[in-house]
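Undergrad: Sharing a structure below in structure tokens format, with a few things to ask.
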Amino acid sequence: MSIEQLDLLAPSEAPPALNTDVLHQLEQWVEVGWLRALDRALAVFLLDLAPDSEPLVLLAAALASHQLGHGHVCLDLGATLQAPDLSLSLPPEGQEAGRDILLPSQLLGGVTTQAWCDALAASPMVDNQPGGEHCERPLVLHGQRLYLRRYWRYERQVVAALGRRLQARPALPAGLEQGLERLFADSRQHPDWQKLACALAARGAFSIITGGPGTGKTTTVVRLLALLQEPTVTAGQPLRIRLAAPTGKAAARLTESIGRQVGSLQVSAPVREHIPTQVATLHRLLGSRPDTRHFRHHAGNPLALDVLVVDEASMIDLEMMASLLAALPPHARLVLLGDKDQLASVEAGAVLGDLCRDAEAGRYSEDTRQWLEQVGGQSIAAAGLQPGDVDRHPLAQQTVMLRHSHRFGADSGIGELARTVNRADAQAARQVLGQRQYRDLHSHLASGLEDPRLATMILGNAAAADPLPGYGDYLTLLAQQRPASDLPADDPAWEDWARSVLEAFDRFQVLCAVRKGPWGVESLNRHLAGLLQRRGLLPAAQGWYEGRPVLVTRNDYGLGLMNGDIGIALTIRERPLHAGEPERMVLRVAFPRNDGSGRLRFVLPSRLSEVETVFAMTVHKSQGSEFAHAMLVLPETRSPLLTKELVYTAITRASRDFTLLETRTGVFEAAVAQPVRRLSGLDLAVEVSSPD
Ligand SMILES: Nc1ncnc2c1ncn2[C@@H]1O[C@H](COP(=O)(O)OP(=O)(O)OP(=O)(O)O)[C@@H](O)[C@H]1O
């Protein structure tokens, strides 16, 4: 051990004053941006409560807090000791900042997992027998995982609630087999996983339907709702069904696609009328209240519903999952839809990924397999699944993975690229990108921000024979289709124009892997605004200007805007506030209402405090959205943030064309080969015995 290590991580007999050295170390990390001030504040708080706290305890607390910012709900002490520096937000390779500052690997050299666990277990700040008498202590040690108590509680709540739901067996809908036969009469897949997903979801109080883009999650759930609703409508007691999604954008997308699917469903009119098409955000469903993380609906005031379907479930974080499960009445069925391979939510917890651990392998028990084959009328023997049992794989018994993409067939480059990236096969992914037969894939190696090809792609050309959408399209439309300025404010032409500008903007999106650096969101937004201004398409590139697209970064219930909503500043004609005054031309930001009405809301720019320009957005923020043309920009440096989930999520945002913009060779391959690791205890914890 070096002198510094001995000083900083002194054994317990060392004077408490040495603890300030750990705080000083944490302070240095905060200064260079490797740690959040919040993480250090936790260590300070613990030291206030227990002035004798061991440095190892304070360090672990700060690192556990920091893991939350990386999406991990806990700090795994053993894993941290294997790669200590990954526990901080170190700069990408090649950056010099903080060269003289000690790294966690230097501090923790020689410390064993056992010694770290022992130091924590001995601390009055740590509860190492969860469920025992120390339930007020701020940290929880479970095996070698250290949690902040709040996240430990959420995890236990989710585990307990899922355990209860997995054991519940609601009454099967009357005529289940005949209903499935009728609704899937046109089935051509063998086995038809959509049909089997409906069957599983109909038998339990909890189920998951996972699948990649276009595998028919919405199609399946619409048929499931018909299956559940047919007998209850006949009996005169229709089910109360609600649909939800984590963001306004995702809710709007599902509202649109579910409306289409319900319209073409082969069911009687009364059944169709009882299948909802409106999708709420989870926050609205649960009843968000300003200035508190507690919702109006909870275990004491449960939601009034019998069936809840939540789409884009990969975006649900652990805290939201705990709140959602608490607010569900025990008898209700919960169906989660989502793509388990997408990036998890920005917040802590990769709930869907954790719950879908066995989805690929199937892991159905003999009972489940027999039941599925009998009810679905098809054998799943040839599907190549792994055997499972209800005790070891309780979630698998209520999970179906849809395996066939109806949107991206064999000739789709986007589909093939997504599949190779998902397999972490970097070489195959590179080959797919280079194959000329895939006309929906484009890739370029940019020489720098001034590379003329970057400008060409950003501008796009809607008038070309084979157009590739870009930002020039919405700006041209904005200028060319602007209503005459003397058109009265209440003329629908104003809203129609704003809607078509928003729709044109929505056809293209630049996606960034990182926030900082020349190819990060912040720099690219500035650069692209400047580029469009120099081309005469924008009047300005700073402040509020007509054509500025903005992304809402925080829910604002007063304005009716949700995190993730996108608006565009437009000069429109507005009615006067006071009678007798003339109408005037004003700059307002047009947002879709996202309520299925197709209407817009116009907001005063000065009322928007939590927004950012969105010529470029992070891949994280793009979840739940889809663009005709998505362009992923990879930075010049490798980083732990560049993972296959990130690349996969970016590719699957594109419905028609995908462009990869590289700035250095090898970064794409490194990202595809690097799977994301999210730590949680959900994988270990759901222990449910057979209900039978
Ligand atoms: N069994 C099927 N047979 C034929 N076409 C299907 C089938 N299932 C779905 N489709 C079609 O495939 C397309 C995608 O289906 P759907 O929207 O249900 O998929 P999804 O998984 O919800 O997609 P997303 O990636 O948007 O979430 C739709 O056009 C749908 O009509």
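FYI, nothing fancy with the structure tokens labels: chains A, B, ... in order, residues from 1 per chain, ligands from 1 as they appear.
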Name the residues, by chain letter and number, that sit within 6 Å of ligand 1 using only C-alpha atoms and all ligand atoms, and give them as a PyMOL selection string.
TA: chain A and resi 213-219+406-407
Undergrad: Give me the residues near Asp496 of chain A as a list of chain:residue names, where near means some atom within 10 Å (using only C-alpha atoms) and where sequence neighbours in that chain fewer than 4 positions away do not count.
TA: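 Skipping anything fewer than 4 positions along the chain leaves A:Gln481, A:Arg482, A:Pro483, A:Asp491, A:Pro492, A:Ser500, A:Val501, A:Leu502, A:Gly598, A:Arg599, A:Leu600.
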Undergrad: Name all residues at most 9 Å from Pro130 of chain A (count only C-alpha atoms; drop same-chain ones fewer than 2 positions away) and give them as a count of residues only.
TA: 9
Undergrad: Quick one: pull the distance between atom CA of Leu634 of chain A and atom CA of Leu103 of chain A, Å, one decimal.
TA: 26.9 Å
Undergrad: List as a tab-separated table every residue of segment 99-164 of chain A that is in contact with segment 29-38 of chain A, defined as an atom at most 12 Å from one of its atoms (using only C-alpha atoms), together with the nearest atom pair and the distance in Å rounded to one decimal, sorted by chain and then rising number.
TA:
residue	atom	partner	partner_atom	distance
A:Arg99	CA	A:Val32	CA	9.9
A:Asp100	CA	A:Val32	CA	11.0
A:Ile101	CA	A:Trp29	CA	7.8
A:Leu102	CA	A:Trp29	CA	8.8
A:Leu103	CA	A:Trp29	CA	8.8
A:Pro104	CA	A:Trp29	CA	10.0
Undergrad: Tell me which of A:Leu328, A:Leu88, A:Pro191, A:Leu318 sits closest to Leu26 of chain A, counting only C-alpha atoms.
TA: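 When distances to Leu26 of chain A are compared using only C-alpha atoms, the smallest one comes from A:Leu88.
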Undergrad: Counting only C-alpha atoms, figure out which residue out of A:Arg156, A:Arg164, A:Arg593, A:His442 gets nearest to Ala252 of chain A.
TA: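 Residue with the minimum atom-to-atom distance to Ala252 of chain A: A:Arg593.
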Undergrad: Taking into account only C-alpha atoms, which residue in the set A:Gly560, A:Gly353, A:Pro329, A:Gly460 is nearest to Ala313 of chain A?
TA: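 Of A:Gly560, A:Gly353, A:Pro329, A:Gly460, the one nearest Ala313 of chain A, counting only C-alpha atoms, is A:Gly353.
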Undergrad: Would you give me, as a PyMOL selection string, the residues in segment 270-367 of chain A that DSSP reads as helix (DSSP H, G or I)?
TA: chain A and resi 270-273+282-286+313-315+318-327+351-355+366-367
Undergrad: I'd like the contact shell of Arg150 of chain A - 10 Å cut-off, only C-alpha atoms, skipping same-chain residues fewer than 2 positions apart - returned as a ChimeraX atom specification.
TA: /A:73,138-140,147-148,152-155,319
Undergrad: So, counting only C-alpha atoms, which residue among A:Gln266, A:Ser345, A:Thr234, A:Thr637 is closest to His72 of chain A?
TA: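 Among A:Gln266, A:Ser345, A:Thr234, A:Thr637, it is A:Ser345 that comes nearest to His72 of chain A.
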Undergrad: For Thr663 of chain A, find every residue with an atom within 8 Å (counting only C-alpha atoms), except residues of its own chain fewer than 3 positions away, and show them as a PyMOL selection string.
TA: chain A and resi 445-448+633-636
Undergrad: Would you export the selected residues with C-alpha atoms as a tab-separated table (two decimals), in the first residue's frame, please?
TA:
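Full text of again_16.tsv as output:
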chain	number	residue	atom	x	y	z
A	445	LEU	CA	-16.70	8.58	-41.67
A	446	ALA	CA	-16.71	12.33	-41.02
A	447	SER	CA	-13.42	14.20	-41.22
A	448	GLY	CA	-14.67	16.84	-38.79
A	633	VAL	CA	-23.27	10.12	-34.38
A	634	LEU	CA	-20.51	8.27	-32.55
A	635	PRO	CA	-17.75	10.28	-30.84
A	636	GLU	CA	-14.02	10.01	-31.51
Undergrad: Which residue out of A:Val400, A:Cys74, A:Ala60, A:Leu68 has the minimum interatomic distance to Ile209 of chain A when only C-alpha atoms are used?
TA: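 Residue with the minimum atom-to-atom distance to Ile209 of chain A: A:Val400.
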Undergrad: Residues of segment 396-480 of chain A in strand (DSSP E) according to DSSP, as an MDAnalysis selection string?
TA: chainID A and resid 399:402 441:445
